[in-house]
>>> print(open('coords_36.csv').read())   # CSV, C-alpha atoms
chain,number,residue,atom,x,y,z
C,1,MET,CA,24.8,13.3,6.0
C,2,SER,CA,23.2,15.4,3.2
C,3,ILE,CA,19.6,16.3,3.5
C,4,ARG,CA,17.3,13.4,2.4
C,5,HIS,CA,13.6,13.9,1.8
C,6,TYR,CA,10.9,11.2,1.7
C,7,LEU,CA,8.3,12.5,-0.8
C,8,GLN,CA,7.5,9.2,-2.4
C,9,PHE,CA,8.4,5.5,-1.9
C,10,LYS,CA,11.0,5.5,-4.6
C,11,ASP,CA,13.1,8.1,-2.8
C,12,LEU,CA,14.8,5.2,-1.0
C,13,GLY,CA,16.3,2.0,-2.3
C,14,ALA,CA,16.0,-1.6,-1.4
C,15,ASP,CA,19.0,-1.7,0.9
C,16,GLU,CA,17.7,1.4,2.8
C,17,TYR,CA,14.3,-0.2,3.2
C,18,ALA,CA,15.9,-3.4,4.6
C,19,TYR,CA,17.7,-1.2,7.2
C,20,LEU,CA,14.5,0.8,8.0
C,21,LEU,CA,12.4,-2.3,8.5
C,22,GLN,CA,15.0,-3.8,10.8
C,23,ARG,CA,15.1,-0.5,12.8
C,24,ALA,CA,11.3,-0.4,13.0
C,25,ALA,CA,11.3,-3.9,14.5
C,26,PHE,CA,14.0,-2.8,17.1
C,27,ILE,CA,12.1,0.4,17.9
C,28,LYS,CA,8.8,-1.4,18.2
C,29,ALA,CA,10.3,-4.0,20.6
C,30,LYS,CA,11.5,-1.2,22.8
C,31,PHE,CA,8.0,0.3,22.8
C,32,LYS,CA,6.3,-3.0,23.7
C,33,ALA,CA,8.8,-3.6,26.5
C,34,VAL,CA,8.2,-0.1,27.8
C,35,GLU,CA,11.8,0.7,27.5
C,36,LYS,CA,12.8,4.3,27.0
C,37,TYR,CA,14.5,5.0,23.6
C,38,GLN,CA,15.1,8.7,23.0
C,39,PRO,CA,17.7,9.5,20.4
C,40,PHE,CA,16.1,12.9,19.8
C,41,ALA,CA,16.4,14.0,23.4
C,42,ASP,CA,19.9,15.4,23.4
C,43,PRO,CA,20.0,17.7,21.6
C,44,ASP,CA,16.2,18.1,21.5
C,45,ARG,CA,14.9,17.6,17.9
C,46,THR,CA,11.7,19.3,16.8
C,47,LEU,CA,9.2,18.0,14.2
C,48,ALA,CA,6.9,20.5,12.4
C,49,MET,CA,3.6,18.8,11.2
C,50,ILE,CA,1.7,20.8,8.5
C,51,PHE,CA,-1.8,19.7,7.8
C,52,GLU,CA,-3.9,20.8,4.8
C,53,LYS,CA,-6.0,17.6,5.0
C,54,ALA,CA,-7.8,16.2,8.1
C,55,SER,CA,-6.0,13.4,9.9
C,56,THR,CA,-6.3,11.0,12.8
C,57,ARG,CA,-3.7,8.2,12.3
C,58,THR,CA,-1.1,10.5,10.7
C,59,ARG,CA,-1.2,13.1,13.4
C,60,VAL,CA,-1.3,10.6,16.3
C,61,SER,CA,1.4,8.4,14.9
C,62,PHE,CA,3.9,11.2,14.1
C,63,GLU,CA,3.2,13.2,17.2
C,64,ALA,CA,3.3,10.3,19.7
C,65,GLY,CA,6.3,8.8,17.9
C,66,MET,CA,8.3,12.0,18.1
C,67,TYR,CA,7.6,12.5,21.8
C,68,GLN,CA,8.5,8.9,22.5
C,69,MET,CA,11.8,9.4,20.7
C,70,GLY,CA,12.5,12.4,23.0
C,71,GLY,CA,11.7,15.2,20.6
C,72,SER,CA,9.2,18.0,20.4
C,73,VAL,CA,6.3,18.7,18.0
C,74,VAL,CA,4.9,21.9,16.4
C,75,HIS,CA,1.4,21.4,14.9
C,76,LEU,CA,0.3,23.7,12.1
C,77,THR,CA,-2.8,23.9,9.9
C,78,THR,CA,-3.7,26.2,7.0
C,79,GLY,CA,-6.3,27.8,9.3
C,80,ASP,CA,-3.9,28.9,12.0
C,81,SER,CA,-0.8,29.9,9.9
C,82,GLN,CA,0.2,31.9,6.9
C,83,LEU,CA,0.1,28.7,4.9
C,84,GLY,CA,-3.6,29.3,4.3
C,85,ARG,CA,-3.1,32.9,3.2
C,86,ALA,CA,-1.0,34.5,0.5
C,87,GLU,CA,2.5,33.5,1.7
C,88,PRO,CA,4.3,31.5,-1.0
C,89,ILE,CA,5.1,27.9,-0.1
C,90,GLU,CA,8.7,28.6,-0.8
C,91,ASP,CA,8.8,31.4,1.8
C,92,SER,CA,7.1,29.2,4.4
C,93,ALA,CA,9.7,26.5,3.7
C,94,ARG,CA,12.6,28.9,4.1
C,95,VAL,CA,11.2,30.1,7.5
C,96,ILE,CA,9.9,26.9,9.1
C,97,SER,CA,13.0,24.9,8.2
C,98,ARG,CA,15.2,27.4,10.0
C,99,MET,CA,13.4,26.7,13.3
C,100,VAL,CA,12.8,22.9,13.3
C,101,ASP,CA,14.8,19.7,12.4
C,102,LEU,CA,12.2,17.9,10.4
C,103,VAL,CA,8.9,18.6,8.6
C,104,MET,CA,6.0,16.4,7.8
C,105,ILE,CA,3.3,17.6,5.4
C,106,ARG,CA,-0.1,16.2,4.6
C,107,THR,CA,-1.5,18.1,1.7
C,108,PHE,CA,-3.2,17.9,-1.7
C,109,GLU,CA,-1.0,18.1,-4.8
C,110,GLN,CA,2.4,16.4,-4.8
C,111,THR,CA,3.8,19.6,-6.4
C,112,LYS,CA,3.2,21.5,-3.1
C,113,ILE,CA,5.4,19.2,-1.0
C,114,GLU,CA,8.0,19.1,-3.8
C,115,ARG,CA,8.1,22.9,-3.8
C,116,PHE,CA,8.4,23.0,0.0
C,117,ALA,CA,11.2,20.4,0.0
C,118,ALA,CA,13.1,22.3,-2.7
C,119,HIS,CA,13.4,25.3,-0.3
C,120,SER,CA,13.8,23.4,3.0
C,121,ARG,CA,17.0,23.2,5.0
C,122,VAL,CA,15.7,20.0,6.8
C,123,PRO,CA,14.2,16.7,5.7
C,124,VAL,CA,10.6,16.7,4.5
C,125,ILE,CA,8.3,13.7,4.9
C,126,ASN,CA,5.2,13.1,2.8
C,127,GLY,CA,2.3,12.4,5.3
C,128,LEU,CA,-0.1,12.0,2.3
C,129,THR,CA,-0.7,13.7,-1.0
C,130,ASN,CA,-3.2,13.1,-3.7
C,131,GLU,CA,-0.6,11.1,-5.6
C,132,PHE,CA,1.4,9.2,-3.0
C,133,HIS,CA,1.2,7.8,0.6
C,134,PRO,CA,4.6,6.3,1.2
C,135,CYS,CA,4.5,6.1,5.0
C,136,GLN,CA,1.3,4.0,4.9
C,137,ILE,CA,2.8,1.5,2.4
C,138,LEU,CA,6.0,1.3,4.5
C,139,ALA,CA,3.7,0.4,7.5
C,140,ASP,CA,1.8,-2.2,5.4
C,141,ILE,CA,5.0,-3.9,4.2
C,142,PHE,CA,6.4,-4.0,7.8
C,143,THR,CA,3.1,-5.5,9.0
C,144,PHE,CA,3.2,-8.2,6.3
C,145,ILE,CA,6.8,-9.1,7.2
C,146,GLU,CA,5.8,-9.4,10.9
C,147,GLN,CA,3.0,-11.7,10.0
C,148,ARG,CA,4.3,-13.7,7.1
C,149,GLY,CA,8.0,-13.0,6.5
C,150,SER,CA,9.6,-11.5,3.4
C,151,ILE,CA,7.3,-9.9,0.8
C,152,GLN,CA,9.7,-10.5,-2.0
C,153,GLY,CA,8.1,-12.7,-4.6
C,154,LYS,CA,4.6,-12.4,-3.1
C,155,VAL,CA,1.4,-11.1,-4.7
C,156,VAL,CA,-0.5,-8.1,-3.4
C,157,ALA,CA,-4.1,-7.6,-4.7
C,158,TRP,CA,-5.2,-4.0,-4.9
C,159,VAL,CA,-9.0,-3.7,-5.3
C,160,GLY,CA,-10.6,-0.3,-5.8
C,161,ASP,CA,-9.5,3.2,-6.7
C,162,GLY,CA,-6.3,3.8,-8.7
C,163,ASN,CA,-5.3,6.4,-6.1
C,164,ASN,CA,-2.3,7.5,-4.1
C,165,MET,CA,-2.1,4.1,-2.3
C,166,ALA,CA,-2.2,2.2,-5.6
C,167,ASN,CA,0.5,4.4,-7.0
C,168,THR,CA,2.7,3.8,-4.0
C,169,TRP,CA,2.1,0.0,-4.1
C,170,LEU,CA,3.5,0.0,-7.6
C,171,GLN,CA,6.6,1.8,-6.6
C,172,ALA,CA,7.1,-0.6,-3.7
C,173,ALA,CA,6.7,-3.6,-5.8
C,174,GLU,CA,9.3,-2.5,-8.3
C,175,ILE,CA,11.8,-1.7,-5.6
C,176,LEU,CA,11.2,-4.7,-3.3
C,177,GLY,CA,10.5,-7.4,-5.8
C,178,PHE,CA,6.9,-8.4,-5.5
C,179,LYS,CA,3.9,-8.2,-7.8
C,180,VAL,CA,0.6,-6.2,-7.6
C,181,HIS,CA,-2.6,-7.5,-9.0
C,182,ILE,CA,-4.7,-4.4,-9.8
C,183,SER,CA,-8.5,-4.2,-10.3
C,184,THR,CA,-10.3,-0.9,-10.6
C,185,PRO,CA,-13.5,0.3,-12.2
C,186,ARG,CA,-13.2,1.8,-15.7
C,187,GLY,CA,-12.2,5.4,-15.5
C,188,TYR,CA,-10.4,4.9,-12.2
C,189,GLU,CA,-7.3,3.0,-13.4
C,190,VAL,CA,-3.9,3.3,-11.9
C,191,ASN,CA,-1.5,5.4,-14.0
C,192,PRO,CA,1.9,3.6,-14.0
C,193,ALA,CA,3.6,6.6,-15.6
C,194,LEU,CA,2.6,8.8,-12.7
C,195,ALA,CA,4.1,6.2,-10.3
C,196,GLY,CA,7.2,6.3,-12.4
C,197,ILE,CA,6.9,2.6,-13.4
C,198,THR,CA,8.5,1.9,-16.8
C,199,GLY,CA,7.9,-1.8,-17.2
C,200,ASN,CA,5.0,-4.1,-16.4
C,201,ASP,CA,6.9,-6.9,-14.6
C,202,CYS,CA,5.8,-5.7,-11.1
C,203,TYR,CA,2.0,-5.5,-11.8
C,204,GLN,CA,-0.9,-7.1,-13.7
C,205,VAL,CA,-4.3,-5.5,-14.4
C,206,PHE,CA,-7.5,-7.5,-14.0
C,207,ASP,CA,-11.0,-6.5,-15.1
C,208,SER,CA,-12.5,-8.7,-12.3
C,209,PRO,CA,-11.6,-7.9,-8.7
C,210,LEU,CA,-12.2,-11.6,-7.9
C,211,ASP,CA,-9.6,-12.6,-10.5
C,212,ALA,CA,-7.2,-10.0,-9.0
C,213,CYS,CA,-7.5,-11.7,-5.6
C,214,ARG,CA,-6.9,-15.2,-6.9
C,215,GLY,CA,-3.7,-16.6,-5.4
C,216,ALA,CA,-2.9,-13.4,-3.6
C,217,ASP,CA,-0.8,-13.3,-0.4
C,218,LEU,CA,-2.3,-9.9,0.6
C,219,VAL,CA,-5.6,-8.3,-0.3
C,220,THR,CA,-5.9,-4.6,0.3
C,221,THR,CA,-8.1,-1.7,-0.5
C,222,ASP,CA,-9.1,1.9,0.4
C,223,VAL,CA,-12.2,4.1,0.5
C,224,TRP,CA,-14.0,4.7,-2.8
C,225,THR,CA,-13.8,8.4,-2.4
C,226,SER,CA,-10.6,9.9,-1.1
C,227,MET,CA,-10.3,13.4,0.5
C,228,GLY,CA,-10.7,16.1,-2.0
C,229,PHE,CA,-13.0,14.1,-4.3
C,230,GLU,CA,-16.2,14.3,-2.1
C,231,ALA,CA,-18.2,15.9,-4.9
C,232,GLU,CA,-17.8,12.6,-6.8
C,233,ASN,CA,-19.1,10.5,-4.0
C,234,GLU,CA,-22.5,9.3,-5.5
C,235,VAL,CA,-21.0,8.7,-8.9
C,236,ARG,CA,-18.1,6.7,-7.4
C,237,ARG,CA,-20.5,4.7,-5.2
C,238,ALA,CA,-22.3,3.4,-8.3
C,239,ALA,CA,-19.1,2.8,-10.3
C,240,PHE,CA,-17.4,0.9,-7.4
C,241,LYS,CA,-20.3,-1.3,-6.4
C,242,GLN,CA,-18.6,-4.5,-7.6
C,243,TRP,CA,-15.3,-3.6,-5.9
C,244,CYS,CA,-16.2,-4.4,-2.3
C,245,VAL,CA,-13.7,-6.9,-0.8
C,246,ASP,CA,-15.8,-9.7,0.5
C,247,GLU,CA,-15.5,-13.2,1.7
C,248,ALA,CA,-15.7,-14.6,-1.8
C,249,MET,CA,-12.6,-12.6,-2.8
C,250,MET,CA,-10.7,-13.7,0.3
C,251,ALA,CA,-11.7,-17.3,-0.4
C,252,VAL,CA,-9.8,-17.3,-3.7
C,253,ALA,CA,-6.7,-15.7,-2.2
C,254,LYS,CA,-4.2,-18.0,-0.6
C,255,PRO,CA,-5.4,-19.7,2.7
C,256,GLN,CA,-3.0,-17.6,4.7
C,257,ALA,CA,-3.7,-14.4,2.9
C,258,LEU,CA,-4.0,-11.2,4.9
C,259,PHE,CA,-6.4,-8.3,4.5
C,260,MET,CA,-5.3,-4.7,5.0
C,261,HIS,CA,-7.0,-1.3,4.8
C,262,CYS,CA,-5.3,2.1,5.6
C,263,LEU,CA,-8.5,3.3,7.4
C,264,PRO,CA,-10.9,4.9,7.9
C,265,ALA,CA,-13.1,2.1,6.5
C,266,HIS,CA,-16.7,2.0,5.4
C,267,ARG,CA,-18.1,-1.4,6.1
C,268,GLY,CA,-20.4,-2.5,3.3
C,269,GLU,CA,-18.7,-0.2,0.7
C,270,GLU,CA,-15.1,-1.0,-0.1
C,271,VAL,CA,-15.0,-3.9,2.4
C,272,SER,CA,-17.5,-6.2,4.1
C,273,ALA,CA,-17.7,-6.3,7.9
C,274,GLU,CA,-17.0,-10.0,7.7
C,275,VAL,CA,-13.6,-9.4,6.1
C,276,ILE,CA,-12.3,-6.3,8.0
C,277,ASP,CA,-13.5,-7.8,11.3
C,278,GLY,CA,-12.5,-11.3,10.4
C,279,PRO,CA,-9.5,-13.5,11.3
C,280,GLN,CA,-7.5,-12.5,8.1
C,281,SER,CA,-7.6,-8.8,8.9
C,282,VAL,CA,-4.6,-7.1,10.4
C,283,VAL,CA,-5.8,-3.5,10.1
C,284,TRP,CA,-5.2,-2.7,13.8
C,285,ASP,CA,-1.6,-3.9,13.7
C,286,GLU,CA,-1.2,-2.1,10.4
C,287,ALA,CA,-2.5,1.2,12.0
C,288,GLU,CA,-0.2,0.9,15.0
C,289,ASN,CA,2.8,0.1,12.8
C,290,ARG,CA,2.5,3.5,11.2
C,291,MET,CA,4.1,4.9,14.3
C,292,HIS,CA,6.9,2.4,14.5
C,293,VAL,CA,8.0,2.7,10.9
C,294,GLN,CA,7.8,6.5,11.0
C,295,LYS,CA,10.0,6.6,14.1
C,296,ALA,CA,12.5,4.5,12.2
C,297,LEU,CA,12.2,6.8,9.2
C,298,MET,CA,12.7,10.0,11.2
C,299,GLU,CA,15.7,8.5,13.0
C,300,TYR,CA,17.2,7.6,9.6
C,301,LEU,CA,16.6,11.0,8.0
C,302,LEU,CA,18.0,12.9,11.0
C,303,LEU,CA,20.8,10.6,12.3
C,304,GLY,CA,21.6,8.3,9.4
C,305,LYS,CA,22.4,4.6,9.8
C,306,LEU,CA,23.1,3.6,13.4
C,307,ALA,CA,25.2,0.7,14.4
>>> encode(input="coords_36.csv", output="structure tokens")
Amino acid sequence: MSIRHYLQFKDLGADEYAYLLQRAAFIKAKFKAVEKYQPFADPDRTLAMIFEKASTRTRVSFEAGMYQMGGSVVHLTTGDSQLGRAEPIEDSARVISRMVDLVMIRTFEQTKIERFAAHSRVPVINGLTNEFHPCQILADIFTFIEQRGSIQGKVVAWVGDGNNMANTWLQAAEILGFKVHISTPRGYEVNPALAGITGNDCYQVFDSPLDACRGADLVTTDVWTSMGFEAENEVRRAAFKQWCVDEAMMAVAKPQALFMHCLPAHRGEEVSAEVIDGPQSVVWDEAENRMHVQKALMEYLLLGKLA
């Protein structure tokens, strides 16, 4: 199979996602039953993880997942490699990809991971960039399907910053056939052009976050200040004050609506404690599911479709 990269959600199609989600369920069932499943053990496959941004869930989910699949992991940061010095990204890609089978990168600009992938001999996965977070949205969709069935035709309310998560939700909605209700403060809007969305059938913009949540099947949010934007923290805190997902917002969503957050969360800022710790919240399942969908993704990129 030719090399496939996963740099943004739209790199795969609806049929491929149907397969990936089915494989994620299969792999998760093996994990829960404590049954060994190691397709990367013979021959041994190696994942290189490159971090320019701090990480908890991304590192643990990829590292644990690769070991559970029978593979090995090499962990690199800009502080302990030439990536943080003067070596061009293109040269690093040429060298690293000759020594491993798969690369995951968590970095700042999307252009960095695109440049790396363009010179890599192995698949490259986006572990997060400023523009996109495809593995997280894949986990969120898998979690929704586990809890409520198909996401097709459903409504997802996005409350907060028009960031990498919001961009990726738009891509997912266009591919998988659901709708996103978006509410952001002025000056922090989602840019559909950046997400590559040409029409507006898959999303609707609301000035009021309460209106965005009305009738939603899923309400989701993220921190007000993403990594790399810490200097804007106080300005953002003032601008986002009305965009805290609270009990009133969940009350106007559908009775069986779920709440998700990619974590880490700040209770009392982007979400109230009553919501994130309440009965509609599935954030812990969502966090765990990062590992299961990423295992399915790595299996697909390395081995293709399995019978």
>>> residues_around(input="coords_36.csv", residues="Lys154 (chain C)", least_positions_apart="2", cutoff="10 Å", atoms="only C-alpha atoms", output="ChimeraX atom specification")
/C:150-152,156,173,177-180,215-218
>>> write_last_selection(input="coords_36.csv", atoms="C-alpha atoms", output="compact mmCIF listing (two decimals), in the coordinates of the input")
# COMPACT_ATOMS: atom_id res chain seq x y z
CA SER C 150 9.60 -11.50 3.40
CA ILE C 151 7.30 -9.90 0.80
CA GLN C 152 9.70 -10.50 -2.00
CA VAL C 156 -0.50 -8.10 -3.40
CA ALA C 173 6.70 -3.60 -5.80
CA GLY C 177 10.50 -7.40 -5.80
CA PHE C 178 6.90 -8.40 -5.50
CA LYS C 179 3.90 -8.20 -7.80
CA VAL C 180 0.60 -6.20 -7.60
CA GLY C 215 -3.70 -16.60 -5.40
CA ALA C 216 -2.90 -13.40 -3.60
CA ASP C 217 -0.80 -13.30 -0.40
CA LEU C 218 -2.30 -9.90 0.60
>>> atom_distance(input="coords_36.csv", atom1="CA of Trp224 (chain C)", atom2="CA of Val190 (chain C)")
13.7 Å
>>> residues_near_point(input="coords_36.csv", point="(1.8, 22.2, 19.0)", cutoff="10 Å", atoms="all atoms listed in the file", output="ChimeraX atom specification")
/C:47-49,63,72-76
>>> atom_distance(input="coords_36.csv", atom1="CA of Gly199 (chain C)", atom2="CA of Glu174 (chain C)")
9.0 Å
>>> closest_residue(input="coords_36.csv", among="C:Ala24, C:Cys244, C:Ala212, C:Met104", to="Ala273 (chain C)", atoms="all atoms listed in the file")
C:Cys244
>>> residues_around(input="coords_36.csv", residues="region 34-39 of chain C", least_positions_apart="6", cutoff="12 Å", atoms="all atoms listed in the file", output="ChimeraX atom specification")
/C:26-28,45,65-72,295-296,298-300,302-304,306
>>> residues_around(input="coords_36.csv", residues="region 262-272 of chain C", least_positions_apart="4", cutoff="7 Å", atoms="only C-alpha atoms", output="MDAnalysis selection string")
chainID C and resid 136 222:224 243:246 276
>>> write_last_selection(input="coords_36.csv", atoms="C-alpha atoms", output="mmCIF file, in the frame of the given file")
data_model
loop_
_atom_site.group_PDB
_atom_site.id
_atom_site.type_symbol
_atom_site.label_atom_id
_atom_site.label_comp_id
_atom_site.auth_asym_id
_atom_site.auth_seq_id
_atom_site.Cartn_x
_atom_site.Cartn_y
_atom_site.Cartn_z
ATOM 1 C CA GLN C 136 1.300 4.000 4.900
ATOM 2 C CA ASP C 222 -9.100 1.900 0.400
ATOM 3 C CA VAL C 223 -12.200 4.100 0.500
ATOM 4 C CA TRP C 224 -14.000 4.700 -2.800
ATOM 5 C CA TRP C 243 -15.300 -3.600 -5.900
ATOM 6 C CA CYS C 244 -16.200 -4.400 -2.300
ATOM 7 C CA VAL C 245 -13.700 -6.900 -0.800
ATOM 8 C CA ASP C 246 -15.800 -9.700 0.500
ATOM 9 C CA ILE C 276 -12.300 -6.300 8.000
#
>>> atom_distance(input="coords_36.csv", atom1="CA of Ala117 (chain C)", atom2="CA of Leu12 (chain C)")
15.7 Å
>>> closest_residue(input="coords_36.csv", among="C:Leu258, C:Ala248, C:Ala118, C:Ala41", to="Asp285 (chain C)", atoms="all atoms listed in the file")
C:Leu258
>>> closest_residue(input="coords_36.csv", among="C:Arg186, C:Val155, C:Ala166, C:Phe31", to="Ala64 (chain C)", atoms="only C-alpha atoms")
C:Phe31
>>> residues_around(input="coords_36.csv", residues="Lys10 (chain C)", least_positions_apart="4", cutoff="8 Å", atoms="only C-alpha atoms", output="list in words")
Gln171, Ala172 and Ile175 of chain C
>>> closest_residue(input="coords_36.csv", among="C:Ile89, C:Ala231, C:Met291, C:Val159", to="Phe62 (chain C)", atoms="only C-alpha atoms")
C:Met291
>>> residues_around(input="coords_36.csv", residues="Phe206 (chain C)", least_positions_apart="3", cutoff="9 Å", atoms="only C-alpha atoms", output="list in words")
His181, Ile182, Ser183, Thr184, Pro209, Leu210, Asp211 and Ala212 of chain C
>>> closest_residue(input="coords_36.csv", among="C:Gly196, C:Gly187, C:Gly153, C:Pro134", to="Thr168 (chain C)", atoms="only C-alpha atoms")
C:Pro134
>>> closest_residue(input="coords_36.csv", among="C:Gln110, C:Leu297, C:Gly79, C:Val122", to="Arg98 (chain C)", atoms="all atoms listed in the file")
C:Val122
>>> build_atoms(input="coords_36.csv", residues="region 280-306 of chain C", atoms="N, CA and C atoms", output="compact mmCIF listing (two decimals), in the coordinates of the input")
# COMPACT_ATOMS: atom_id res chain seq x y z
N GLN C 280 -8.56 -12.84 9.07
CA GLN C 280 -7.50 -12.50 8.10
C GLN C 280 -7.08 -11.05 8.17
N SER C 281 -7.88 -10.25 8.83
CA SER C 281 -7.60 -8.80 8.90
C SER C 281 -6.57 -8.45 9.89
N VAL C 282 -5.63 -7.61 9.47
CA VAL C 282 -4.60 -7.10 10.40
C VAL C 282 -4.58 -5.60 10.41
N VAL C 283 -5.74 -4.99 10.23
CA VAL C 283 -5.80 -3.50 10.10
C VAL C 283 -5.39 -2.80 11.36
N TRP C 284 -5.58 -3.41 12.52
CA TRP C 284 -5.20 -2.70 13.80
C TRP C 284 -3.70 -2.74 13.99
N ASP C 285 -3.08 -3.88 13.69
CA ASP C 285 -1.60 -3.90 13.70
C ASP C 285 -1.02 -2.97 12.68
N GLU C 286 -1.65 -2.95 11.53
CA GLU C 286 -1.20 -2.10 10.40
C GLU C 286 -1.26 -0.60 10.87
N ALA C 287 -2.36 -0.22 11.54
CA ALA C 287 -2.50 1.20 12.00
C ALA C 287 -1.43 1.51 13.03
N GLU C 288 -1.21 0.62 14.00
CA GLU C 288 -0.20 0.90 15.00
C GLU C 288 1.20 0.99 14.39
N ASN C 289 1.45 0.17 13.38
CA ASN C 289 2.80 0.10 12.80
C ASN C 289 3.15 1.39 12.03
N ARG C 290 2.15 2.23 11.72
CA ARG C 290 2.50 3.50 11.20
C ARG C 290 3.48 4.26 12.09
N MET C 291 3.22 4.21 13.40
CA MET C 291 4.10 4.90 14.30
C MET C 291 5.48 4.35 14.36
N HIS C 292 5.60 3.04 14.37
CA HIS C 292 6.90 2.40 14.50
C HIS C 292 7.79 2.65 13.26
N VAL C 293 7.20 2.51 12.06
CA VAL C 293 8.00 2.70 10.90
C VAL C 293 8.36 4.20 10.70
N GLN C 294 7.47 5.08 11.11
CA GLN C 294 7.80 6.50 11.00
C GLN C 294 8.84 6.93 11.99
N LYS C 295 8.87 6.32 13.15
CA LYS C 295 10.00 6.60 14.10
C LYS C 295 11.29 6.17 13.48
N ALA C 296 11.31 5.00 12.84
CA ALA C 296 12.50 4.50 12.20
C ALA C 296 12.92 5.47 11.04
N LEU C 297 11.93 5.93 10.29
CA LEU C 297 12.20 6.80 9.20
C LEU C 297 12.75 8.16 9.66
N MET C 298 12.15 8.74 10.69
CA MET C 298 12.70 10.00 11.20
C MET C 298 14.06 9.86 11.75
N GLU C 299 14.32 8.75 12.44
CA GLU C 299 15.70 8.50 13.00
C GLU C 299 16.67 8.43 11.79
N TYR C 300 16.32 7.75 10.73
CA TYR C 300 17.20 7.60 9.60
C TYR C 300 17.48 8.95 8.91
N LEU C 301 16.42 9.74 8.70
CA LEU C 301 16.60 11.00 8.00
C LEU C 301 17.40 12.01 8.84
N LEU C 302 17.30 11.92 10.17
CA LEU C 302 18.00 12.90 11.00
C LEU C 302 19.41 12.37 11.42
N LEU C 303 19.54 11.08 11.68
CA LEU C 303 20.80 10.60 12.30
C LEU C 303 21.55 9.62 11.34
N GLY C 304 20.95 9.24 10.22
CA GLY C 304 21.60 8.30 9.40
C GLY C 304 21.57 6.88 9.92
N LYS C 305 22.36 5.99 9.35
CA LYS C 305 22.40 4.60 9.80
C LYS C 305 23.12 4.53 11.16
N LEU C 306 22.50 3.81 12.10
CA LEU C 306 23.10 3.60 13.40
C LEU C 306 23.60 2.19 13.52
